[in-house]
$ cat data_38.csv   # CSV, C-alpha atoms and all ligand atoms
chain,number,residue,atom,x,y,z
B,1,MET,CA,12.4,-4.0,17.1
B,2,ALA,CA,10.6,-3.5,13.8
B,3,ILE,CA,6.9,-4.2,13.9
B,4,LEU,CA,7.0,-5.7,10.4
B,5,GLU,CA,10.0,-7.2,8.5
B,6,VAL,CA,9.5,-8.3,4.9
B,7,SER,CA,12.3,-10.4,3.4
B,8,ASP,CA,12.7,-11.3,-0.3
B,9,LEU,CA,8.9,-11.2,-0.8
B,10,LYS,CA,7.8,-12.8,-4.1
B,11,GLN,CA,4.3,-13.0,-5.6
B,12,TYR,CA,4.1,-14.7,-9.0
B,13,PHE,CA,1.0,-15.4,-11.1
B,14,TYR,CA,1.1,-18.1,-13.8
B,15,LEU,CA,-0.7,-17.6,-17.1
B,16,GLU,CA,-1.5,-21.1,-18.5
B,17,PRO,CA,-1.5,-21.4,-22.3
B,18,THR,CA,-4.6,-22.8,-23.9
B,19,PHE,CA,-4.7,-26.6,-24.3
B,20,LEU,CA,-4.3,-26.3,-28.1
B,21,ALA,CA,-1.3,-24.0,-27.8
B,22,LYS,CA,0.3,-26.4,-25.3
B,23,LEU,CA,-0.3,-29.4,-27.7
B,24,VAL,CA,0.7,-27.7,-30.9
B,25,SER,CA,3.7,-25.6,-29.9
B,26,GLY,CA,4.5,-26.9,-26.5
B,27,LYS,CA,4.0,-23.5,-24.9
B,28,LYS,CA,4.9,-23.1,-21.3
B,29,PRO,CA,3.0,-21.1,-18.7
B,30,ARG,CA,4.1,-17.4,-18.6
B,31,ILE,CA,4.9,-15.8,-15.3
B,32,ILE,CA,3.8,-12.5,-14.0
B,33,LYS,CA,6.3,-11.4,-11.4
B,34,ALA,CA,4.0,-8.9,-9.6
B,35,VAL,CA,6.3,-8.7,-6.6
B,36,ASP,CA,9.9,-10.0,-7.0
B,37,GLY,CA,12.2,-9.9,-4.1
B,38,MET,CA,11.1,-7.0,-1.9
B,39,SER,CA,12.8,-6.5,1.5
B,40,PHE,CA,12.0,-3.7,3.9
B,41,SER,CA,10.9,-3.1,7.5
B,42,ILE,CA,8.6,-0.7,9.4
B,43,GLU,CA,9.3,0.6,12.9
B,44,PRO,CA,6.5,1.0,15.5
B,45,GLY,CA,4.5,4.3,14.9
B,46,GLU,CA,6.2,4.9,11.5
B,47,ILE,CA,4.4,5.9,8.3
B,48,LEU,CA,6.1,4.4,5.3
B,49,GLY,CA,5.1,5.7,1.9
B,50,LEU,CA,4.9,3.3,-1.0
B,51,ALA,CA,5.0,4.9,-4.4
B,52,GLY,CA,5.0,3.6,-8.0
B,53,GLU,CA,2.9,3.6,-11.1
B,54,SER,CA,-0.2,1.5,-11.6
B,55,GLY,CA,0.6,-2.2,-11.9
B,56,CYS,CA,4.0,-2.0,-10.2
B,57,GLY,CA,2.9,-4.4,-7.4
B,58,LYS,CA,2.0,-2.0,-4.6
B,59,SER,CA,-1.4,-3.5,-3.8
B,60,THR,CA,-0.2,-7.1,-4.4
B,61,CYS,CA,2.4,-6.5,-1.7
B,62,SER,CA,-0.1,-5.1,0.7
B,63,LEU,CA,-2.5,-8.1,0.2
B,64,ALA,CA,0.3,-10.5,1.1
B,65,ILE,CA,1.1,-8.4,4.2
B,66,ALA,CA,-2.5,-8.4,5.2
B,67,LYS,CA,-2.5,-12.2,4.8
B,68,LEU,CA,-5.2,-12.1,2.2
B,69,ARG,CA,-2.9,-13.9,-0.3
B,70,ASP,CA,-0.2,-16.5,0.3
B,71,PRO,CA,3.1,-15.2,-1.2
B,72,THR,CA,5.1,-17.4,-3.7
B,73,GLY,CA,8.3,-16.9,-1.7
B,74,GLY,CA,10.0,-14.9,1.0
B,75,THR,CA,8.9,-14.2,4.6
B,76,ILE,CA,6.8,-11.6,6.4
B,77,ARG,CA,7.5,-11.3,10.1
B,78,TYR,CA,5.1,-9.4,12.4
B,79,LYS,CA,6.6,-8.6,15.8
B,80,GLY,CA,9.3,-11.2,15.0
B,81,GLN,CA,6.9,-14.0,14.1
B,82,ASP,CA,6.6,-15.5,10.6
B,83,ILE,CA,2.9,-14.9,9.6
B,84,SER,CA,2.9,-18.1,7.4
B,85,LYS,CA,3.5,-20.2,10.5
B,86,MET,CA,0.8,-18.7,12.7
B,87,SER,CA,-1.7,-20.9,14.4
B,88,LYS,CA,-5.5,-20.2,14.0
B,89,PRO,CA,-5.7,-18.1,17.3
B,90,GLU,CA,-2.6,-16.2,16.2
B,91,ILE,CA,-4.1,-15.5,12.8
B,92,ARG,CA,-7.2,-14.2,14.5
B,93,LYS,CA,-5.1,-11.9,16.6
B,94,TYR,CA,-3.1,-10.8,13.6
B,95,ARG,CA,-6.3,-9.9,11.7
B,96,SER,CA,-7.4,-7.7,14.6
B,97,GLU,CA,-4.0,-5.9,14.8
B,98,VAL,CA,-3.4,-5.4,11.1
B,99,GLN,CA,-6.1,-3.5,9.2
B,100,LEU,CA,-6.7,-2.2,5.7
B,101,ILE,CA,-8.2,1.1,4.5
B,102,PHE,CA,-9.4,0.4,1.0
B,103,GLN,CA,-9.2,2.5,-2.1
B,104,ASP,CA,-12.8,2.6,-3.2
B,105,PRO,CA,-15.3,3.6,-0.5
B,106,TYR,CA,-18.1,2.9,-3.1
B,107,GLU,CA,-17.2,-0.8,-3.4
B,108,SER,CA,-15.6,-1.6,0.0
B,109,LEU,CA,-18.7,-1.0,2.1
B,110,ASN,CA,-21.5,-3.5,2.3
B,111,PRO,CA,-24.6,-1.8,0.9
B,112,ARG,CA,-26.8,-3.7,3.3
B,113,TYR,CA,-24.9,-2.5,6.4
B,114,THR,CA,-25.6,0.9,8.1
B,115,ALA,CA,-22.6,2.9,9.2
B,116,PHE,CA,-23.1,1.5,12.7
B,117,ASP,CA,-23.1,-2.1,11.6
B,118,THR,CA,-20.1,-1.5,9.3
B,119,VAL,CA,-18.0,-0.1,12.1
B,120,ALA,CA,-19.3,-2.6,14.8
B,121,GLU,CA,-18.7,-5.7,12.6
B,122,PRO,CA,-15.0,-6.2,13.5
B,123,LEU,CA,-15.8,-5.9,17.2
B,124,ARG,CA,-18.5,-8.5,16.9
B,125,ALA,CA,-16.3,-10.8,14.8
B,126,LEU,CA,-13.0,-10.5,16.6
B,127,THR,CA,-13.6,-9.5,20.2
B,128,ASP,CA,-15.6,-10.8,23.2
B,129,LYS,CA,-17.1,-7.3,24.0
B,130,ASN,CA,-20.8,-7.2,25.1
B,131,LYS,CA,-23.5,-5.2,23.3
B,132,ALA,CA,-23.1,-2.0,25.4
B,133,GLU,CA,-19.3,-2.1,25.0
B,134,ILE,CA,-19.6,-2.6,21.2
B,135,ARG,CA,-22.1,0.3,21.0
B,136,ASP,CA,-19.8,2.7,23.0
B,137,ARG,CA,-16.7,1.8,21.1
B,138,THR,CA,-18.4,2.1,17.8
B,139,PHE,CA,-19.9,5.5,18.6
B,140,GLU,CA,-16.5,6.7,19.9
B,141,THR,CA,-14.7,5.6,16.7
B,142,ILE,CA,-17.4,7.1,14.4
B,143,ALA,CA,-17.0,10.4,16.2
B,144,MET,CA,-13.1,10.2,16.0
B,145,ALA,CA,-13.5,9.8,12.2
B,146,GLY,CA,-15.3,13.1,12.1
B,147,LEU,CA,-19.0,12.0,11.8
B,148,ASP,CA,-21.8,12.6,14.3
B,149,PRO,CA,-22.7,9.0,15.5
B,150,GLU,CA,-26.3,9.9,16.3
B,151,GLU,CA,-26.8,11.4,12.8
B,152,TYR,CA,-24.9,8.7,10.8
B,153,LYS,CA,-25.5,5.5,12.7
B,154,ASN,CA,-28.5,4.4,10.6
B,155,ARG,CA,-27.3,5.6,7.2
B,156,TYR,CA,-26.5,3.2,4.4
B,157,PRO,CA,-23.6,3.7,2.0
B,158,HIS,CA,-25.9,5.2,-0.7
B,159,GLN,CA,-27.1,7.8,1.8
B,160,MET,CA,-23.6,9.2,2.3
B,161,SER,CA,-21.1,11.2,0.1
B,162,GLY,CA,-17.8,9.7,-1.0
B,163,GLY,CA,-15.9,11.4,1.8
B,164,GLU,CA,-18.4,10.3,4.5
B,165,ARG,CA,-18.1,6.7,3.2
B,166,GLN,CA,-14.3,6.8,3.4
B,167,ARG,CA,-14.6,8.1,7.0
B,168,VAL,CA,-16.8,5.1,7.8
B,169,GLY,CA,-14.2,2.9,6.1
B,170,ILE,CA,-11.5,4.4,8.2
B,171,ALA,CA,-13.5,4.1,11.4
B,172,GLN,CA,-14.0,0.4,10.5
B,173,ALA,CA,-10.3,-0.1,10.1
B,174,LEU,CA,-9.5,1.7,13.3
B,175,VAL,CA,-12.2,0.4,15.6
B,176,LEU,CA,-10.0,-2.5,16.9
B,177,GLU,CA,-7.1,-0.1,17.6
B,178,PRO,CA,-4.8,-1.8,15.2
B,179,GLU,CA,-1.0,-1.7,15.4
B,180,LEU,CA,-0.4,-1.7,11.7
B,181,VAL,CA,-2.6,-0.1,9.1
B,182,ILE,CA,-2.3,-0.5,5.3
B,183,ALA,CA,-3.9,2.4,3.5
B,184,ASP,CA,-4.2,1.5,-0.2
B,185,GLU,CA,-4.7,4.7,-2.1
B,186,PRO,CA,-7.5,5.9,0.2
B,187,LEU,CA,-7.8,9.3,-1.5
B,188,SER,CA,-7.7,8.3,-5.2
B,189,MET,CA,-11.5,7.8,-5.6
B,190,LEU,CA,-12.3,11.1,-3.8
B,191,ASP,CA,-12.9,14.6,-5.0
B,192,VAL,CA,-9.8,16.8,-4.8
B,193,SER,CA,-11.8,19.2,-2.5
B,194,ILE,CA,-12.2,16.5,0.3
B,195,ARG,CA,-8.8,14.8,0.0
B,196,ALA,CA,-7.0,17.2,2.4
B,197,GLY,CA,-9.6,16.5,5.1
B,198,ILE,CA,-9.3,12.7,4.8
B,199,LEU,CA,-5.4,13.0,4.7
B,200,ASP,CA,-5.5,15.1,7.9
B,201,LEU,CA,-7.8,12.5,9.5
B,202,ILE,CA,-5.4,9.6,8.8
B,203,ARG,CA,-2.4,11.6,10.0
B,204,ASP,CA,-4.3,12.8,13.1
B,205,MET,CA,-5.4,9.2,14.0
B,206,SER,CA,-1.9,7.8,13.5
B,207,GLU,CA,-0.5,10.3,16.0
B,208,ARG,CA,-3.3,9.7,18.4
B,209,MET,CA,-3.4,5.9,18.2
B,210,ASN,CA,0.4,5.5,17.4
B,211,PHE,CA,-0.1,2.8,14.8
B,212,SER,CA,2.4,2.0,12.1
B,213,CYS,CA,1.2,2.6,8.5
B,214,ILE,CA,2.0,1.6,5.0
B,215,TYR,CA,0.5,4.4,2.9
B,216,ILE,CA,0.3,3.4,-0.7
B,217,SER,CA,-0.1,6.0,-3.4
B,218,HIS,CA,1.1,7.0,-6.9
B,219,ASP,CA,0.9,10.7,-5.8
B,220,LEU,CA,4.2,11.8,-4.5
B,221,SER,CA,2.8,15.2,-3.2
B,222,ILE,CA,0.6,13.2,-0.8
B,223,LEU,CA,3.4,10.9,0.3
B,224,SER,CA,5.8,13.8,0.9
B,225,ASN,CA,3.1,15.2,3.2
B,226,ILE,CA,2.3,12.1,5.3
B,227,SER,CA,5.2,9.6,5.2
B,228,GLU,CA,8.4,9.6,7.2
B,229,ARG,CA,10.2,7.2,4.8
B,230,LEU,CA,9.5,6.7,1.2
B,231,MET,CA,9.9,3.5,-0.9
B,232,ILE,CA,9.7,3.7,-4.7
B,233,MET,CA,8.7,0.6,-6.6
B,234,TYR,CA,9.0,-0.3,-10.3
B,235,LEU,CA,7.7,-3.6,-11.8
B,236,GLY,CA,7.7,-5.5,-8.5
B,237,ARG,CA,11.0,-4.3,-7.2
B,238,ILE,CA,12.2,-1.6,-4.8
B,239,MET,CA,14.2,1.0,-6.7
B,240,GLU,CA,14.8,3.5,-3.9
B,241,LEU,CA,14.1,3.7,-0.2
B,242,GLY,CA,15.0,6.4,2.3
B,243,VAL,CA,13.8,9.3,4.5
B,244,THR,CA,11.0,11.0,2.4
B,245,LYS,CA,12.7,14.4,2.4
B,246,ASP,CA,16.0,12.9,1.1
B,247,VAL,CA,14.3,10.9,-1.6
B,248,ILE,CA,12.2,13.8,-2.8
B,249,THR,CA,15.0,16.4,-2.7
B,250,GLU,CA,17.9,14.2,-3.8
B,251,PRO,CA,16.7,11.2,-5.7
B,252,TYR,CA,19.4,8.9,-7.1
B,253,HIS,CA,17.6,6.2,-9.1
B,254,PRO,CA,16.8,7.3,-12.7
B,255,TYR,CA,13.2,6.2,-12.2
B,256,ALA,CA,12.8,8.0,-8.9
B,257,ARG,CA,14.3,11.2,-10.6
B,258,ALA,CA,11.7,10.9,-13.5
B,259,LEU,CA,8.8,10.2,-11.1
B,260,ILE,CA,9.7,13.2,-8.9
B,261,ALA,CA,10.2,15.5,-12.0
B,262,ALA,CA,6.6,14.6,-13.1
B,263,VAL,CA,4.9,15.9,-9.9
B,264,PRO,CA,2.6,18.8,-11.0
B,265,ILE,CA,3.8,22.3,-9.9
B,266,PRO,CA,0.8,24.7,-9.4
B,267,ASP,CA,2.5,27.5,-11.3
B,268,PRO,CA,1.3,28.4,-14.8
B,269,ALA,CA,4.7,30.1,-15.6
B,270,TYR,CA,6.6,26.9,-14.7
B,271,LYS,CA,8.2,25.2,-17.7
B,272,ARG,CA,8.5,21.5,-17.1
B,273,PRO,CA,11.8,20.0,-18.3
B,274,ILE,CA,11.6,17.1,-20.8
B,275,PRO,CA,11.4,13.9,-18.7
B,276,ASN,CA,14.6,11.9,-18.7
B,277,ILE,CA,12.9,8.6,-19.5
B,278,LYS,CA,12.2,6.8,-22.7
B,279,GLY,CA,9.8,4.1,-24.1
B,280,GLU,CA,6.6,2.7,-22.6
B,281,VAL,CA,5.8,1.1,-19.3
B,282,ALA,CA,7.2,-2.5,-19.5
B,283,GLN,CA,5.0,-5.5,-18.6
B,284,PRO,CA,5.7,-7.7,-15.6
B,285,ILE,CA,5.1,-10.8,-17.7
B,286,ASP,CA,8.4,-12.8,-18.2
B,287,PRO,CA,10.5,-9.7,-17.4
B,288,PRO,CA,14.0,-9.7,-18.8
B,289,PRO,CA,17.0,-10.5,-16.6
B,290,GLY,CA,18.9,-7.6,-15.2
B,291,CYS,CA,17.4,-4.2,-14.2
B,292,ARG,CA,13.7,-3.9,-14.6
B,293,PHE,CA,14.1,-0.3,-15.7
B,294,GLN,CA,16.6,-1.0,-18.5
B,295,THR,CA,14.1,-0.5,-21.4
B,296,ARG,CA,13.3,3.1,-20.2
B,297,CYS,CA,16.6,4.2,-18.7
B,298,LEU,CA,18.7,6.8,-20.6
B,299,GLU,CA,21.8,5.8,-18.6
B,300,VAL,CA,21.6,2.0,-19.3
B,301,MET,CA,24.9,0.1,-19.4
B,302,ASP,CA,25.9,-3.4,-20.6
B,303,ILE,CA,25.7,-4.8,-17.0
B,304,CYS,CA,22.1,-3.6,-16.6
B,305,GLY,CA,21.0,-6.1,-19.2
B,306,ASN,CA,22.1,-9.2,-17.4
B,307,THR,CA,22.6,-8.4,-13.7
B,308,ALA,CA,19.8,-7.2,-11.4
B,309,PRO,CA,21.2,-4.3,-9.3
B,310,PRO,CA,21.0,-5.1,-5.5
B,311,LEU,CA,19.4,-2.6,-3.2
B,312,LYS,CA,22.5,-0.9,-1.7
B,313,GLU,CA,22.8,1.6,1.1
B,314,ILE,CA,24.6,4.6,-0.5
B,315,LYS,CA,24.1,7.0,2.4
B,316,PRO,CA,23.0,6.1,6.0
B,317,GLY,CA,19.4,5.0,5.6
B,318,HIS,CA,19.2,5.7,1.9
B,319,LEU,CA,19.1,2.6,-0.4
B,320,VAL,CA,19.2,2.5,-4.2
B,321,ALA,CA,19.0,-0.4,-6.7
B,322,CYS,CA,21.1,0.9,-9.6
B,323,HIS,CA,24.5,0.0,-11.1
B,324,LEU,CA,25.3,3.7,-11.3
B,325,TYR,CA,26.1,3.7,-7.6
D,401,LIG,FE1,19.5,2.5,-15.5
D,401,LIG,FE2,21.2,0.5,-15.3
D,401,LIG,FE3,20.5,1.9,-13.1
D,401,LIG,FE4,18.8,0.2,-14.2
D,401,LIG,S1,20.7,-0.3,-13.2
D,401,LIG,S2,18.4,2.3,-13.6
D,401,LIG,S3,19.2,0.4,-16.4
D,401,LIG,S4,21.6,2.6,-15.0
$ encode --input "data_38.csv" --output "structure tokens"
Amino acid sequence: MAILEVSDLKQYFYLEPTFLAKLVSGKKPRIIKAVDGMSFSIEPGEILGLAGESGCGKSTCSLAIAKLRDPTGGTIRYKGQDISKMSKPEIRKYRSEVQLIFQDPYESLNPRYTAFDTVAEPLRALTDKNKAEIRDRTFETIAMAGLDPEEYKNRYPHQMSGGERQRVGIAQALVLEPELVIADEPLSMLDVSIRAGILDLIRDMSERMNFSCIYISHDLSILSNISERLMIMYLGRIMELGVTKDVITEPYHPYARALIAAVPIPDPAYKRPIPNIKGEVAQPIDPPPGCRFQTRCLEVMDICGNTAPPLKEIKPGHLVACHLY
């Protein structure tokens, strides 16, 4: 059974017009459809990559899954249970089993907490462990995250480098031995030189602890490295979903093809082809009916302007939302 099943997830935000605009021209609220009908599932122990450009709804989706924001519509089932119908004790259990690794290790750590307090806090808040047990588990997790607990236990965030802070953030997320981890662009704020070490750490920990993971990134080279399946989003909708190798080597959706063609190749002699995409990134405010990608697609057809393409399986396990298929 899938550990997480997301069905028709919607997250809308309403932009109210000013009182004067409402009075004079009768303006109605505008709707930002940040996530608009996403459906997918994750198997136990699987790493699912979630890719897309900034503002496509990746992080909004993750906040709804982490139960930090109530979705506008759709259902999220964790181990078969609808998370919107959980009782208080069930929510408490859910919070201990589903953890987030944040993007910004400079902002996500409490500046008044030492590394020890940061990692120990979830144990104090969500378990009945005694002081000695909390100390042992905290030390063990800090060591697993690649830091010497004796050396780092009393350090505050400002006394650590970006990579060390992210290791503390990862230790905090993993100290409760979660079953599902949402890693929201955990490398994007780090120097290129330390990214590989943090990526190896997340991969190593996922193998050791066997948790499922939604790894969010706009960097396809990272996702091709870490994820087993890859999901590509554009303006709140899934465009393509399949085994990472298949999506990277044989993308079907015009947006997926353009995104993959834009991945940097470290070869000065390589001549990049002109991208098969036009126009600017569209806004998720009051999006047009039909395909979200229609304003940028070079293969747009009449049907694309009025009918949203459903996410269809065009090969076993490979789904694409495009009228071309
Ligand atoms: Fe292009 Fe139409 Fe496919 Fe959208 S549905 S990606 S507009 S061909």
$ atom_distance --input "data_38.csv" --atom1 "CA of His158 in chain B" --atom2 "CA of Pro111 in chain B"
7.3 Å
$ closest_residue --input "data_38.csv" --among "B:Glu240, B:Asp286, B:Glu280, B:Glu133" --to "ligand LIG 401 (chain D)" --atoms "only C-alpha atoms and all ligand atoms"
B:Glu240
$ atom_distance --input "data_38.csv" --atom1 "CA of Phe139 in chain B" --atom2 "CA of Ile65 in chain B"
29.0 Å
$ closest_atom_pairs --input "data_38.csv" --of "chain B" --to "ligand LIG 401 (chain D)" --cutoff "7 Å" --atoms "only C-alpha atoms and all ligand atoms" --output "Markdown table"
| residue | atom | partner | partner_atom | distance |
| --- | --- | --- | --- | --- |
| B:His253 | CA | D:LIG401 | S2 | 6.0 |
| B:Pro254 | CA | D:LIG401 | S2 | 5.3 |
| B:Tyr255 | CA | D:LIG401 | S2 | 6.6 |
| B:Cys291 | CA | D:LIG401 | FE4 | 4.6 |
| B:Arg292 | CA | D:LIG401 | FE4 | 6.6 |
| B:Phe293 | CA | D:LIG401 | FE4 | 5.0 |
| B:Gln294 | CA | D:LIG401 | S3 | 3.6 |
| B:Cys297 | CA | D:LIG401 | FE1 | 4.6 |
| B:Leu298 | CA | D:LIG401 | FE1 | 6.7 |
| B:Glu299 | CA | D:LIG401 | S4 | 4.8 |
| B:Val300 | CA | D:LIG401 | S3 | 4.1 |
| B:Met301 | CA | D:LIG401 | FE2 | 5.5 |
| B:Cys304 | CA | D:LIG401 | FE2 | 4.4 |
| B:Pro309 | CA | D:LIG401 | S1 | 5.6 |
| B:Ala321 | CA | D:LIG401 | S1 | 6.7 |
| B:Cys322 | CA | D:LIG401 | FE3 | 3.7 |
| B:His323 | CA | D:LIG401 | S1 | 4.4 |
| B:Leu324 | CA | D:LIG401 | S4 | 5.3 |
$ closest_residue --input "data_38.csv" --among "B:Asp117, B:Glu228, B:Glu151, B:Asp36" --to "Leu50 in chain B" --atoms "only C-alpha atoms"
B:Glu228
$ build_atoms --input "data_38.csv" --residues "range 124-135 of chain B" --atoms "N, CA and C atoms" --output "mmCIF file, keeping the file's coordinate frame"
data_model
loop_
_atom_site.group_PDB
_atom_site.id
_atom_site.type_symbol
_atom_site.label_atom_id
_atom_site.label_comp_id
_atom_site.auth_asym_id
_atom_site.auth_seq_id
_atom_site.Cartn_x
_atom_site.Cartn_y
_atom_site.Cartn_z
ATOM 1 N N ARG B 124 -17.694 -7.316 16.687
ATOM 2 C CA ARG B 124 -18.500 -8.500 16.900
ATOM 3 C C ARG B 124 -17.762 -9.772 16.482
ATOM 4 N N ALA B 125 -16.980 -9.656 15.370
ATOM 5 C CA ALA B 125 -16.300 -10.800 14.800
ATOM 6 C C ALA B 125 -15.048 -11.223 15.590
ATOM 7 N N LEU B 126 -14.333 -10.234 16.111
ATOM 8 C CA LEU B 126 -13.000 -10.500 16.600
ATOM 9 C C LEU B 126 -12.766 -10.218 18.096
ATOM 10 N N THR B 127 -13.821 -9.774 18.808
ATOM 11 C CA THR B 127 -13.600 -9.500 20.200
ATOM 12 C C THR B 127 -14.769 -10.168 21.052
ATOM 13 N N ASP B 128 -14.593 -10.172 22.361
ATOM 14 C CA ASP B 128 -15.600 -10.800 23.200
ATOM 15 C C ASP B 128 -16.450 -9.657 23.922
ATOM 16 N N LYS B 129 -16.436 -8.453 23.354
ATOM 17 C CA LYS B 129 -17.100 -7.300 24.000
ATOM 18 C C LYS B 129 -18.650 -7.588 24.001
ATOM 19 N N ASN B 130 -19.329 -7.080 25.066
ATOM 20 C CA ASN B 130 -20.800 -7.200 25.100
ATOM 21 C C ASN B 130 -21.440 -6.082 24.292
ATOM 22 N N LYS B 131 -22.763 -6.149 24.181
ATOM 23 C CA LYS B 131 -23.500 -5.200 23.300
ATOM 24 C C LYS B 131 -23.233 -3.741 23.670
ATOM 25 N N ALA B 132 -23.260 -3.445 24.978
ATOM 26 C CA ALA B 132 -23.100 -2.000 25.400
ATOM 27 C C ALA B 132 -21.657 -1.563 25.083
ATOM 28 N N GLU B 133 -20.689 -2.461 25.301
ATOM 29 C CA GLU B 133 -19.300 -2.100 25.000
ATOM 30 C C GLU B 133 -19.100 -1.858 23.506
ATOM 31 N N ILE B 134 -19.732 -2.713 22.700
ATOM 32 C CA ILE B 134 -19.600 -2.600 21.200
ATOM 33 C C ILE B 134 -20.247 -1.232 20.807
ATOM 34 N N ARG B 135 -21.389 -0.916 21.393
ATOM 35 C CA ARG B 135 -22.100 0.300 21.000
ATOM 36 C C ARG B 135 -21.183 1.546 21.393
#
